[in-house]
$ cat my_file.pdb   # PDB, C-alpha atoms, pLDDT in the B column
MODEL        1
ATOM      1  CA  GLY U   1    -181.808  57.930 212.005  1.00 46.00           C
ATOM      2  CA  LYS U   2    -183.968  54.856 211.609  1.00 50.00           C
ATOM      3  CA  LEU U   3    -187.489  54.590 210.308  1.00 53.00           C
ATOM      4  CA  GLY U   4    -190.081  52.178 211.620  1.00 51.00           C
ATOM      5  CA  SER U   5    -191.338  48.820 210.439  1.00 53.00           C
ATOM      6  CA  GLY U   6    -193.400  49.859 207.409  1.00 56.00           C
ATOM      7  CA  PRO U   7    -192.605  50.993 203.845  1.00 56.00           C
ATOM      8  CA  VAL U   8    -191.779  54.631 203.139  1.00 59.00           C
ATOM      9  CA  PHE U   9    -193.985  56.576 200.710  1.00 55.00           C
ATOM     10  CA  ILE U  10    -193.098  59.987 199.279  1.00 55.00           C
ATOM     11  CA  SER U  11    -196.121  61.396 197.483  1.00 52.00           C
ATOM     12  CA  GLY U  12    -196.351  63.990 194.753  1.00 54.00           C
ATOM     13  CA  GLY U  13    -195.273  67.474 195.759  1.00 55.00           C
ATOM     14  CA  THR U  14    -193.353  66.164 198.768  1.00 51.00           C
ATOM     15  CA  THR U  15    -189.604  66.341 199.322  1.00 48.00           C
ATOM     16  CA  LEU U  16    -187.654  64.247 201.806  1.00 55.00           C
ATOM     17  CA  THR U  17    -184.380  66.028 202.534  1.00 50.00           C
ATOM     18  CA  LEU U  18    -181.545  64.569 204.601  1.00 46.00           C
ATOM     19  CA  GLN U  19    -178.659  66.814 205.602  1.00 47.00           C
ATOM     20  CA  GLY U  20    -175.628  66.396 207.805  1.00 43.00           C
ATOM     21  CA  ASP U  21    -173.075  63.656 208.180  1.00 37.00           C
ATOM     22  CA  GLY U  22    -175.247  60.857 209.529  1.00 37.00           C
ATOM     23  CA  ASN U  23    -176.562  57.879 207.609  1.00 40.00           C
ATOM     24  CA  LEU U  24    -180.224  57.294 206.908  1.00 43.00           C
ATOM     25  CA  ASP U  25    -180.937  53.578 207.128  1.00 42.00           C
ATOM     26  CA  PHE U  26    -184.434  52.395 206.262  1.00 40.00           C
ATOM     27  CA  VAL U  27    -184.301  49.546 208.756  1.00 40.00           C
ATOM     28  CA  ASN U  28    -187.034  47.448 210.295  1.00 38.00           C
ATOM     29  CA  GLY U  29    -186.097  47.521 213.948  1.00 34.00           C
ATOM     30  CA  ILE U  30    -187.780  44.158 214.589  1.00 34.00           C
ATOM     31  CA  ASN U  31    -186.030  41.872 212.149  1.00 37.00           C
ATOM     32  CA  HIS U  32    -183.482  44.284 210.668  1.00 40.00           C
ATOM     33  CA  THR U  33    -184.662  43.886 207.086  1.00 50.00           C
ATOM     34  CA  TYR U  34    -184.340  46.976 204.942  1.00 71.00           C
ATOM     35  CA  LEU U  35    -187.466  48.751 203.773  1.00 74.00           C
ATOM     36  CA  PRO U  36    -188.493  49.769 200.257  1.00 81.00           C
ATOM     37  CA  VAL U  37    -189.012  53.432 199.402  1.00 83.00           C
ATOM     38  CA  THR U  38    -191.757  54.459 196.979  1.00 85.00           C
ATOM     39  CA  ILE U  39    -191.563  57.899 195.336  1.00 86.00           C
ATOM     40  CA  SER U  40    -194.639  58.801 193.320  1.00 85.00           C
ATOM     41  CA  PRO U  41    -194.622  61.275 190.392  1.00 86.00           C
ATOM     42  CA  GLY U  42    -193.850  64.755 191.703  1.00 86.00           C
ATOM     43  CA  GLY U  43    -192.235  63.388 194.852  1.00 85.00           C
ATOM     44  CA  GLN U  44    -188.567  63.866 195.623  1.00 87.00           C
ATOM     45  CA  ALA U  45    -186.023  62.377 197.995  1.00 84.00           C
ATOM     46  CA  LYS U  46    -182.934  64.561 198.420  1.00 85.00           C
ATOM     47  CA  PHE U  47    -179.775  63.367 200.120  1.00 82.00           C
ATOM     48  CA  THR U  48    -177.171  66.101 200.346  1.00 77.00           C
ATOM     49  CA  SER U  49    -174.367  64.494 202.329  1.00 72.00           C
ATOM     50  CA  ALA U  50    -175.664  61.401 204.105  1.00 70.00           C
ATOM     51  CA  SER U  51    -175.484  57.911 202.622  1.00 78.00           C
ATOM     52  CA  PRO U  52    -178.937  56.293 202.565  1.00 80.00           C
ATOM     53  CA  VAL U  53    -179.460  52.536 202.485  1.00 83.00           C
ATOM     54  CA  MET U  54    -182.785  51.360 201.044  1.00 83.00           C
ATOM     55  CA  GLY U  55    -184.498  48.049 200.561  1.00 84.00           C
ATOM     56  CA  GLY U  56    -185.831  48.917 197.122  1.00 88.00           C
ATOM     57  CA  LEU U  57    -186.543  52.061 195.121  1.00 91.00           C
ATOM     58  CA  ILE U  58    -189.977  52.114 193.498  1.00 89.00           C
ATOM     59  CA  GLY U  59    -192.140  54.638 191.670  1.00 90.00           C
ATOM     60  CA  ALA U  60    -191.653  57.456 189.170  1.00 91.00           C
ATOM     61  CA  GLY U  61    -190.491  60.390 191.264  1.00 90.00           C
ATOM     62  CA  LYS U  62    -187.029  61.870 191.688  1.00 91.00           C
ATOM     63  CA  VAL U  63    -183.951  61.104 193.774  1.00 90.00           C
ATOM     64  CA  VAL U  64    -181.377  63.871 194.134  1.00 90.00           C
ATOM     65  CA  LEU U  65    -177.886  63.108 195.427  1.00 91.00           C
ATOM     66  CA  GLY U  66    -175.202  65.438 196.681  1.00 89.00           C
ATOM     67  CA  ASN U  67    -171.756  64.193 197.638  1.00 90.00           C
ATOM     68  CA  THR U  68    -173.114  60.851 198.775  1.00 89.00           C
ATOM     69  CA  ALA U  69    -173.581  57.181 197.935  1.00 92.00           C
ATOM     70  CA  LEU U  70    -177.043  55.617 197.627  1.00 91.00           C
ATOM     71  CA  THR U  71    -177.239  51.874 198.349  1.00 91.00           C
ATOM     72  CA  ILE U  72    -180.368  50.067 197.200  1.00 93.00           C
ATOM     73  CA  GLY U  73    -181.617  46.491 197.075  1.00 93.00           C
ATOM     74  CA  LYS U  74    -180.950  45.407 200.644  1.00 89.00           C
ATOM     75  CA  ASP U  75    -184.357  43.715 200.965  1.00 88.00           C
ATOM     76  CA  ASN U  76    -183.306  41.132 198.314  1.00 93.00           C
ATOM     77  CA  THR U  77    -186.402  41.621 196.126  1.00 93.00           C
ATOM     78  CA  ASP U  78    -186.948  42.656 192.500  1.00 96.00           C
ATOM     79  CA  PHE U  79    -188.019  46.268 191.985  1.00 96.00           C
ATOM     80  CA  THR U  80    -188.386  48.881 189.238  1.00 97.00           C
ATOM     81  CA  PHE U  81    -187.832  52.638 189.325  1.00 96.00           C
ATOM     82  CA  TYR U  82    -189.287  54.733 186.482  1.00 96.00           C
ATOM     83  CA  GLY U  83    -188.122  58.082 187.827  1.00 95.00           C
ATOM     84  CA  SER U  84    -184.835  59.941 187.639  1.00 96.00           C
ATOM     85  CA  ILE U  85    -181.729  59.897 189.810  1.00 97.00           C
ATOM     86  CA  GLU U  86    -180.053  63.298 189.594  1.00 96.00           C
ATOM     87  CA  GLN U  87    -176.930  65.108 190.759  1.00 96.00           C
ATOM     88  CA  SER U  88    -176.932  68.297 192.800  1.00 90.00           C
ATOM     89  CA  GLY U  89    -173.399  69.304 193.725  1.00 85.00           C
ATOM     90  CA  GLY U  90    -170.536  67.005 194.633  1.00 89.00           C
ATOM     91  CA  THR U  91    -170.234  63.493 193.279  1.00 94.00           C
ATOM     92  CA  GLY U  92    -173.023  61.021 193.866  1.00 95.00           C
ATOM     93  CA  SER U  93    -172.730  57.286 193.405  1.00 97.00           C
ATOM     94  CA  LEU U  94    -175.130  54.355 193.283  1.00 97.00           C
ATOM     95  CA  ILE U  95    -174.554  50.896 194.729  1.00 97.00           C
ATOM     96  CA  LYS U  96    -176.796  47.949 193.865  1.00 98.00           C
ATOM     97  CA  ASP U  97    -176.661  45.427 196.693  1.00 96.00           C
ATOM     98  CA  GLY U  98    -178.866  42.499 197.690  1.00 95.00           C
ATOM     99  CA  THR U  99    -179.823  39.469 195.626  1.00 97.00           C
ATOM    100  CA  GLY U 100    -182.781  40.925 193.696  1.00 97.00           C
ATOM    101  CA  THR U 101    -182.940  42.667 190.322  1.00 98.00           C
ATOM    102  CA  PHE U 102    -183.145  46.459 190.063  1.00 98.00           C
ATOM    103  CA  THR U 103    -184.696  47.643 186.797  1.00 98.00           C
ATOM    104  CA  MET U 104    -183.728  51.258 186.143  1.00 97.00           C
ATOM    105  CA  ARG U 105    -186.003  52.654 183.451  1.00 96.00           C
ATOM    106  CA  GLY U 106    -185.336  56.367 183.853  1.00 96.00           C
ATOM    107  CA  PRO U 107    -182.247  58.546 183.439  1.00 97.00           C
ATOM    108  CA  CYS U 108    -179.450  58.577 186.003  1.00 98.00           C
ATOM    109  CA  SER U 109    -177.323  61.722 185.758  1.00 97.00           C
ATOM    110  CA  ILE U 110    -175.112  61.282 188.824  1.00 97.00           C
ATOM    111  CA  THR U 111    -171.447  62.005 188.170  1.00 95.00           C
ATOM    112  CA  GLY U 112    -170.021  59.093 190.172  1.00 97.00           C
ATOM    113  CA  ALA U 113    -170.035  55.400 189.381  1.00 98.00           C
ATOM    114  CA  THR U 114    -172.893  52.936 189.499  1.00 98.00           C
ATOM    115  CA  THR U 115    -171.622  49.669 190.959  1.00 98.00           C
ATOM    116  CA  VAL U 116    -173.382  46.303 191.029  1.00 98.00           C
ATOM    117  CA  THR U 117    -171.908  44.536 194.040  1.00 98.00           C
ATOM    118  CA  ASN U 118    -174.619  41.890 194.366  1.00 98.00           C
ATOM    119  CA  GLY U 119    -177.762  40.861 192.546  1.00 98.00           C
ATOM    120  CA  ALA U 120    -178.612  42.272 189.129  1.00 98.00           C
ATOM    121  CA  LEU U 121    -179.102  45.599 187.387  1.00 98.00           C
ATOM    122  CA  ARG U 122    -181.319  45.856 184.310  1.00 98.00           C
ATOM    123  CA  LEU U 123    -180.427  49.211 182.765  1.00 96.00           C
ATOM    124  CA  MET U 124    -183.133  50.480 180.415  1.00 95.00           C
ATOM    125  CA  GLY U 125    -182.436  54.207 180.519  1.00 93.00           C
ATOM    126  CA  SER U 126    -179.265  56.278 180.514  1.00 96.00           C
ATOM    127  CA  LEU U 127    -176.321  56.555 182.866  1.00 97.00           C
ATOM    128  CA  ALA U 128    -174.020  59.576 183.041  1.00 97.00           C
ATOM    129  CA  GLY U 129    -171.167  58.011 185.034  1.00 97.00           C
ATOM    130  CA  ASN U 130    -169.259  54.750 184.898  1.00 98.00           C
ATOM    131  CA  LEU U 131    -170.879  51.334 185.275  1.00 98.00           C
ATOM    132  CA  ASN U 132    -168.970  48.691 187.242  1.00 98.00           C
ATOM    133  CA  VAL U 133    -170.257  45.128 187.546  1.00 98.00           C
ATOM    134  CA  GLY U 134    -168.456  43.389 190.407  1.00 98.00           C
ATOM    135  CA  PRO U 135    -167.529  39.729 190.928  1.00 98.00           C
ATOM    136  CA  ALA U 136    -170.922  38.934 192.506  1.00 98.00           C
ATOM    137  CA  GLY U 137    -172.873  41.305 190.243  1.00 98.00           C
ATOM    138  CA  THR U 138    -175.019  40.678 187.177  1.00 98.00           C
ATOM    139  CA  LEU U 139    -176.040  42.843 184.255  1.00 98.00           C
ATOM    140  CA  ALA U 140    -179.500  41.669 183.171  1.00 97.00           C
ATOM    141  CA  VAL U 141    -180.878  42.193 179.667  1.00 96.00           C
ATOM    142  CA  LYS U 142    -184.233  41.251 178.176  1.00 95.00           C
ATOM    143  CA  LEU U 143    -184.296  40.825 174.413  1.00 95.00           C
ATOM    144  CA  SER U 144    -187.364  41.972 172.484  1.00 94.00           C
ATOM    145  CA  ASN U 145    -188.430  43.426 169.134  1.00 92.00           C
ATOM    146  CA  ASP U 146    -188.382  46.965 170.509  1.00 92.00           C
ATOM    147  CA  LEU U 147    -185.189  46.748 172.553  1.00 93.00           C
ATOM    148  CA  SER U 148    -183.306  50.045 172.756  1.00 94.00           C
ATOM    149  CA  PRO U 149    -179.727  50.000 174.016  1.00 96.00           C
ATOM    150  CA  ALA U 150    -178.934  51.543 177.357  1.00 96.00           C
ATOM    151  CA  VAL U 151    -176.658  54.570 176.977  1.00 97.00           C
ATOM    152  CA  VAL U 152    -173.685  54.897 179.349  1.00 98.00           C
ATOM    153  CA  SER U 153    -171.735  58.144 179.029  1.00 97.00           C
ATOM    154  CA  GLY U 154    -168.870  56.782 181.132  1.00 97.00           C
ATOM    155  CA  ALA U 155    -166.976  53.514 180.896  1.00 98.00           C
ATOM    156  CA  VAL U 156    -168.349  50.010 181.496  1.00 98.00           C
ATOM    157  CA  ALA U 157    -166.193  47.459 183.341  1.00 98.00           C
ATOM    158  CA  PHE U 158    -166.887  43.799 184.164  1.00 98.00           C
ATOM    159  CA  ALA U 159    -164.847  42.251 186.966  1.00 98.00           C
ATOM    160  CA  PRO U 160    -163.814  38.568 186.926  1.00 98.00           C
ATOM    161  CA  GLY U 161    -166.868  36.574 187.987  1.00 97.00           C
ATOM    162  CA  ALA U 162    -169.413  39.100 186.710  1.00 98.00           C
ATOM    163  CA  LYS U 163    -172.448  37.711 184.904  1.00 98.00           C
ATOM    164  CA  LEU U 164    -174.636  38.713 181.990  1.00 98.00           C
ATOM    165  CA  ASP U 165    -178.131  37.252 182.344  1.00 97.00           C
ATOM    166  CA  VAL U 166    -180.152  37.140 179.125  1.00 96.00           C
ATOM    167  CA  SER U 167    -183.919  36.644 179.067  1.00 96.00           C
ATOM    168  CA  LEU U 168    -186.567  36.985 176.367  1.00 95.00           C
ATOM    169  CA  ALA U 169    -189.751  39.014 176.297  1.00 94.00           C
ATOM    170  CA  ALA U 170    -192.878  36.864 176.375  1.00 94.00           C
ATOM    171  CA  GLY U 171    -193.399  35.097 173.044  1.00 94.00           C
ATOM    172  CA  PHE U 172    -190.283  36.607 171.469  1.00 94.00           C
ATOM    173  CA  ASN U 173    -187.981  34.521 169.268  1.00 93.00           C
ATOM    174  CA  PRO U 174    -184.655  36.244 168.594  1.00 92.00           C
ATOM    175  CA  GLY U 175    -183.745  33.999 165.682  1.00 92.00           C
ATOM    176  CA  SER U 176    -180.272  34.967 164.490  1.00 93.00           C
ATOM    177  CA  GLN U 177    -180.560  38.638 165.423  1.00 94.00           C
ATOM    178  CA  GLN U 178    -177.756  40.494 167.160  1.00 96.00           C
ATOM    179  CA  PHE U 179    -178.745  43.042 169.809  1.00 97.00           C
ATOM    180  CA  THR U 180    -176.857  46.103 170.968  1.00 97.00           C
ATOM    181  CA  VAL U 181    -177.652  46.188 174.672  1.00 97.00           C
ATOM    182  CA  ILE U 182    -175.253  48.950 175.806  1.00 97.00           C
ATOM    183  CA  GLN U 183    -173.660  51.909 174.053  1.00 97.00           C
ATOM    184  CA  SER U 184    -170.784  53.282 176.109  1.00 98.00           C
ATOM    185  CA  THR U 185    -168.977  56.505 175.296  1.00 96.00           C
ATOM    186  CA  GLY U 186    -166.127  55.611 177.645  1.00 97.00           C
ATOM    187  CA  GLY U 187    -165.534  52.113 176.297  1.00 97.00           C
ATOM    188  CA  ILE U 188    -166.185  48.584 177.582  1.00 98.00           C
ATOM    189  CA  SER U 189    -163.641  46.395 179.358  1.00 98.00           C
ATOM    190  CA  GLY U 190    -163.700  42.922 180.893  1.00 97.00           C
ATOM    191  CA  ARG U 191    -165.993  41.242 178.384  1.00 96.00           C
ATOM    192  CA  GLN U 192    -163.807  38.130 178.671  1.00 96.00           C
ATOM    193  CA  ASN U 193    -164.664  38.006 182.383  1.00 95.00           C
ATOM    194  CA  LEU U 194    -168.384  37.547 181.774  1.00 96.00           C
ATOM    195  CA  THR U 195    -170.297  34.376 182.464  1.00 96.00           C
ATOM    196  CA  VAL U 196    -173.446  34.327 180.339  1.00 96.00           C
ATOM    197  CA  THR U 197    -176.597  32.811 181.844  1.00 96.00           C
ATOM    198  CA  GLY U 198    -180.096  32.329 180.461  1.00 95.00           C
ATOM    199  CA  GLY U 199    -179.244  30.553 177.220  1.00 92.00           C
ATOM    200  CA  ASP U 200    -176.621  29.991 174.523  1.00 93.00           C
ATOM    201  CA  TYR U 201    -175.581  33.534 173.694  1.00 95.00           C
ATOM    202  CA  VAL U 202    -172.365  35.126 172.545  1.00 95.00           C
ATOM    203  CA  VAL U 203    -171.277  38.522 173.857  1.00 96.00           C
ATOM    204  CA  ARG U 204    -169.172  40.788 171.670  1.00 96.00           C
ATOM    205  CA  VAL U 205    -167.731  44.259 171.990  1.00 97.00           C
ATOM    206  CA  ILE U 206    -167.690  46.132 168.688  1.00 96.00           C
ATOM    207  CA  GLY U 207    -166.438  49.671 169.048  1.00 96.00           C
ATOM    208  CA  ASN U 208    -168.104  50.975 172.184  1.00 96.00           C
ATOM    209  CA  ASN U 209    -171.120  48.681 171.876  1.00 98.00           C
ATOM    210  CA  LEU U 210    -171.931  45.566 173.881  1.00 98.00           C
ATOM    211  CA  ILE U 211    -173.691  43.152 171.558  1.00 97.00           C
ATOM    212  CA  VAL U 212    -175.549  39.952 172.430  1.00 97.00           C
ATOM    213  CA  GLY U 213    -176.737  37.303 170.014  1.00 93.00           C
ATOM    214  CA  PRO U 214    -177.460  33.591 169.759  1.00 87.00           C
ATOM    215  CA  ASP U 215    -174.498  31.250 169.670  1.00 79.00           C
TER     216      ASP U 215
ENDMDL
END

$ encode --input "my_file.pdb" --output "structure tokens"
Amino acid sequence: GKLGSGPVFISGGTTLTLQGDGNLDFVNGINHTYLPVTISPGGQAKFTSASPVMGGLIGAGKVVLGNTALTIGKDNTDFTFYGSIEQSGGTGSLIKDGTGTFTMRGPCSITGATTVTNGALRLMGSLAGNLNVGPAGTLAVKLSNDLSPAVVSGAVAFAPGAKLDVSLAAGFNPGSQQFTVIQSTGGISGRQNLTVTGGDYVVRVIGNNLIVGPD
């Protein structure tokens, strides 16, 4: 089905459940731009077999996926999700599309892959499956004094053309420090494919760690 022309809010204690084989597209029927979905703490959006397409995913609630793919970012804006993305049967996957940056601060325990097909993903939590950064995708990192590496239980792969965008927290000077930005249990491949933007930085893979530091 299609929702109307305004944002979608899922408040605390509320569950949005989609079942069946159809797709749920959050589409503005007037200009066909995709709508953001806000899930507040205690709220839950559950997709058991459909494949939702969202503008952005905002808030601190919960998304539960069955055997389905969730596509987010179609409104081409920057957005942050503090909540969790969880698996409930089957194999769920996550696709980052659109030109904006998705900051994922909470855990993502889906068993399928997370794929950045367009725009950027800033991973600040944990990821249970594989992480694939496509030819038009970007992995964004922000260096700071209190940076903790994102933990990926699967493998990390960078396709030819993928980018790593490095920025600094306000007022932060990295000096000569080296930063572990990702720890991957499944290994990291394609580092040689990366184009680094945002400054003169060198990217290394040491063991299963992706490390960024000044040139």

$ residues_around --input "my_file.pdb" --residues "Pro174 (chain U)" --least-positions-apart "3" --cutoff "8 Å" --atoms "only C-alpha atoms" --output "list in words"
Leu143, Ser144, Gln177 and Pro214 of chain U

$ closest_residue --input "my_file.pdb" --among "U:Ala50, U:Val116, U:Val133, U:Ile58" --to "Gly92 (chain U)" --atoms "only C-alpha atoms"
U:Ala50

$ resolve_selection --input "my_file.pdb" --expression "the PyMOL selection byres ((chain U and resi 112-115) around 10)" --output "PyMOL selection string"
chain U and resi 67-71+87+90-97+108-111+116-118+121+127-134+137+154-157

$ atom_distance --input "my_file.pdb" --atom1 "CA of Val63 (chain U)" --atom2 "CA of Phe79 (chain U)"
15.5 Å

$ resolve_selection --input "my_file.pdb" --expression "the PyMOL selection byres ((chain U and resi 172) around 12)" --output "VMD selection string"
chain U and resid 142 to 147 167 to 171 173 to 175 177

$ axis_aligned_box --input "my_file.pdb" --around "region 106-121 of chain U" --padding-each-side "3 Å" --output "AutoDock Vina command-line options"
--center_x -177.7 --center_y 51.4 --center_z 188.9 --size_x 21.3 --size_y 27.1 --size_z 16.9

$ atom_distance --input "my_file.pdb" --atom1 "CA of Ser40 (chain U)" --atom2 "CA of Glu86 (chain U)"
15.7 Å

$ atom_distance --input "my_file.pdb" --atom1 "CA of Met104 (chain U)" --atom2 "CA of Tyr201 (chain U)"
23.1 Å

$ resolve_selection --input "my_file.pdb" --expression "the PyMOL selection byres ((chain U and resi 187) around 6)" --output "PyMOL selection string"
chain U and resi 155+184-186+188+208

$ closest_residue --input "my_file.pdb" --among "U:Pro160, U:Pro107, U:Gly213, U:Gly190" --to "Val141 (chain U)" --atoms "only C-alpha atoms"
U:Gly213
